[in-house]
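Visitor: Okay, here's the structure, questions in a sec.
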Protein chains: 2
Amino acid sequence: MAQLVRVQNFNVSSDGIGAGNDADQSLENPFGLPGPERLFGWAGATASWPMRTDPGGSRGLDDYFTRDYARNIGAEIMGRNKFGPQRGPWLDDEWRGWWGDEPPFHTPVFVMTHHERPSFTLSDTTFHFVDGAPATVLEQALEAAQGKDVRLGGGVNTIRQFLDADLVDTMHVAVSPLKFGSGVRLWESPDELLDRFHMEVVPSPSGVTHHLFWRR
Amino acid sequence: MAQLVRVQNFNVSSDGIGAGNDADQSLENPFGLPGPERLFGWAGATASWPMRTDPGGSRGLDDYFTRDYARNIGAEIMGRNKFGPQRGPWLDDEWRGWWGDEPPFHTPVFVMTHHERPSFTLSDTTFHFVDGAPATVLEQALEAAQGKDVRLGGGVNTIRQFLDADLVDTMHVAVSPLKFGSGVRLWESPDELLDRFHMEVVPSPSGVTHHLFWRR
């Protein structure tokens, strides 16, 4: 079975925005958006949400998407802006991501950055810091995934880079019924992807609309 | 994490029929229904269909249901009528199910029957033949599942027995847009389950309507 590159549970507003403008992202406001939980609240309500610590949660449609998050994933690639709010050279190595001592990845994670930094491990997640074009980074992640798929974790710019390089096999984007007006856009319209991808648009009772893409 | 009892990818017509009347089920027509592939064709079209031998297949909404089929499943319970067309005492032990030398279960399978028969193994699936009330059979399956969930594989009568005994935790039923008129019914209407279950009704672009249930 070929290894796939999968975007999963990525969240944007109905105007296609997945993060605030760069200047608005900070330690206090990682997404740089007003009320970002309006984008990902649907996922937090499900039984299979990876960060869930209590029992309970819904087991309807949305749960199929959160429960698929880790299935057959062997590595993640993320942009530096997903890893942390800093920009430019690392001033120190104290920042170890947003996720505490038990990150929800449980695989090697490749953080794309132009600035070197030693790898480190938290629980069963190891973060590597790699410089290079998407195809080069992907090669490393595919090898680390040992035959399993690679999750492309975002943010927006990272996904766009991989789409531009035609390196994405499947994509699940949850579109929330709100507009931010300004920020970093995944798309002007999902129809932009129809030349290369099949698309299904599935409204959820929770209010988000799941957009599912796979290669033509 | 508690072990769940899950009905998955179970197929019925819009009038709630999942199998023909008993007298209509045979070796040549396992479901005892005219054109039964109209019930499960949606699943066969997906990339993750467990019986798929060629690459390809869709990766949209329907695929989330077929790819969830084996996730965290440690055992299956099925009725004797799913296992084979015979009725009454086993005349011989030659019948080994419909699925050839590589059954798609890959776990222990408990076949509910009043008639004893020795267990046997095909590839990584072992079939056990057990007599007893749903709760008793479930106890055996839960133990065999070693902490994972138990799939309740059908047929209709078996699912109804477990529903009547309140032993089902989650249920996914794909309803196809056709009527059979007569046969074995899972329900007169899915609304019958609303007193005990949350329900979400999700139309798929393929034409089936996924019905998702989880305990209140």
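Each chain of the structure tokens is named A, B, ... in the order shown, its residues numbered from 1; ligands are numbered from 1 in display order.
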Residues at most 10 Å from Gln146 of chain A, counting only C-alpha atoms, excluding those fewer than 6 positions away in the same chain, as a list in words?
Guide: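 What passes the distance filter is Gln3, Ile73, Gly74 and Ala75 of chain A.
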Visitor: With only C-alpha atoms as the counted atoms, please give the residues lying no more than 7 Å from segment 92-104 of chain B, apart from itself and same-chain residues fewer than 3 positions off, as a PyMOL selection string.
Guide: chain B and resi 50-51+83-84+122-123+125
Visitor: DSSP on the backbone, then: every residue of segment 19-215 of chain A marked strand (DSSP E or B), written as a ChimeraX atom specification.
Guide: /A:19,46,58,73-79,108-112,120-122,125-130,149-152,170-176,184-185,197-203,209-215
Visitor: Find, counting only C-alpha atoms, the residue in A:Ala70, A:Met78, A:Ala23, A:Ile17 that gets nearest to chain B.
Guide: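 When distances to chain B are compared using only C-alpha atoms, the smallest one comes from A:Ala70.
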Visitor: Per residue of chain B within 7 Å of chain A, record the nearest atom pair and its distance in Å to one decimal, counting only C-alpha atoms, with rows in chain order and ascending residue number, as a tab-separated table.
Guide:
```
residue	atom	partner	partner_atom	distance
B:Arg59	CA	A:Trp214	CA	6.0
B:Gly60	CA	A:Leu212	CA	5.7
B:Tyr64	CA	A:Tyr64	CA	6.6
B:Glu200	CA	A:Gly60	CA	6.1
B:Leu212	CA	A:Gly60	CA	5.7
B:Phe213	CA	A:Gly60	CA	6.9
B:Trp214	CA	A:Arg59	CA	6.0
```
Visitor: So, with only C-alpha atoms as the atoms that count, which of B:Leu138, B:Asn81, B:Ser176, B:Val150 lies closest to Asp24 of chain B?
Guide: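 Closest to Asp24 of chain B, using only C-alpha atoms: B:Asn81.
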Visitor: Tell me, as a list in words, which residues lie within 12 Å of Asp15 of chain B, counting only C-alpha atoms; anything in the same chain fewer than 2 positions away does not count.
Guide: Asn11, Val12, Ser13, Ile17, Gly18, Ala19, Leu39, Val175, Ser176, Pro177, Leu178, Lys179, Phe180, Gly181, Ser182, Gly183, Val184, Arg185, Leu186, Trp187, Glu188, Ser189 and Pro190 of chain B
Visitor: Pro134 of chain A: which residues within 9 Å, counting only C-alpha atoms, same-chain residues fewer than 6 positions away excluded, as a list in words?
Guide: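 Once the nearby chain positions are removed, what remains is Met112, Thr158, Gln161, Phe162, Ala165 and Leu167 of chain A.
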Visitor: Write out as a PDB file with all heavy atoms, in the first residue's frame which residues come within 6 Å of Phe129 of chain B when counting only C-alpha atoms, dropping same-chain ones fewer than 6 positions away.
Guide:
```pdb
ATOM      1  N   PHE B 110     -17.398 -14.951  17.071  1.00  0.00           N
ATOM      2  CA  PHE B 110     -18.312 -15.813  17.819  1.00  0.00           C
ATOM      3  C   PHE B 110     -19.620 -15.935  17.052  1.00  0.00           C
ATOM      4  O   PHE B 110     -20.339 -14.952  16.879  1.00  0.00           O
ATOM      5  CB  PHE B 110     -18.539 -15.252  19.225  1.00  0.00           C
ATOM      6  CG  PHE B 110     -17.281 -15.287  20.051  1.00  0.00           C
ATOM      7  CD1 PHE B 110     -16.319 -14.282  19.936  1.00  0.00           C
ATOM      8  CD2 PHE B 110     -17.037 -16.351  20.912  1.00  0.00           C
ATOM      9  CE1 PHE B 110     -15.143 -14.337  20.674  1.00  0.00           C
ATOM     10  CE2 PHE B 110     -15.866 -16.414  21.659  1.00  0.00           C
ATOM     11  CZ  PHE B 110     -14.912 -15.409  21.534  1.00  0.00           C
ATOM     12  N   VAL B 111     -19.892 -17.134  16.558  1.00  0.00           N
ATOM     13  CA  VAL B 111     -21.112 -17.391  15.792  1.00  0.00           C
ATOM     14  C   VAL B 111     -22.158 -17.945  16.753  1.00  0.00           C
ATOM     15  O   VAL B 111     -21.951 -18.996  17.370  1.00  0.00           O
ATOM     16  CB  VAL B 111     -20.850 -18.402  14.655  1.00  0.00           C
ATOM     17  CG1 VAL B 111     -22.137 -18.660  13.865  1.00  0.00           C
ATOM     18  CG2 VAL B 111     -19.730 -17.913  13.738  1.00  0.00           C
ATOM     19  N   ARG B 117     -20.443 -27.043  17.357  1.00  0.00           N
ATOM     20  CA  ARG B 117     -19.505 -27.308  16.272  1.00  0.00           C
ATOM     21  C   ARG B 117     -18.119 -26.901  16.749  1.00  0.00           C
ATOM     22  O   ARG B 117     -17.991 -25.920  17.500  1.00  0.00           O
ATOM     23  CB  ARG B 117     -19.923 -26.463  15.053  1.00  0.00           C
ATOM     24  CG  ARG B 117     -19.159 -26.831  13.811  1.00  0.00           C
ATOM     25  CD  ARG B 117     -19.603 -26.039  12.600  1.00  0.00           C
ATOM     26  NE  ARG B 117     -18.450 -25.937  11.711  1.00  0.00           N
ATOM     27  CZ  ARG B 117     -18.483 -25.489  10.473  1.00  0.00           C
ATOM     28  NH1 ARG B 117     -19.607 -25.054   9.951  1.00  0.00           N
ATOM     29  NH2 ARG B 117     -17.388 -25.445   9.747  1.00  0.00           N
TER      30      ARG B 117
END
```
Visitor: Could you tell me how far atom CA of Leu33 of chain A lies from atom CA of Pro85 of chain A, in Å and to one decimal?
Guide: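 So the two atoms, atom CA of Leu33 of chain A and atom CA of Pro85 of chain A, lie 13.2 Å apart.
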Visitor: Quick one: of A:Phe31, A:Phe105, A:Phe127, A:Tyr69, who's nearest to Asn9 of chain A, counting only C-alpha atoms?
Guide: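 Closest residue, counting only C-alpha atoms: A:Tyr69.
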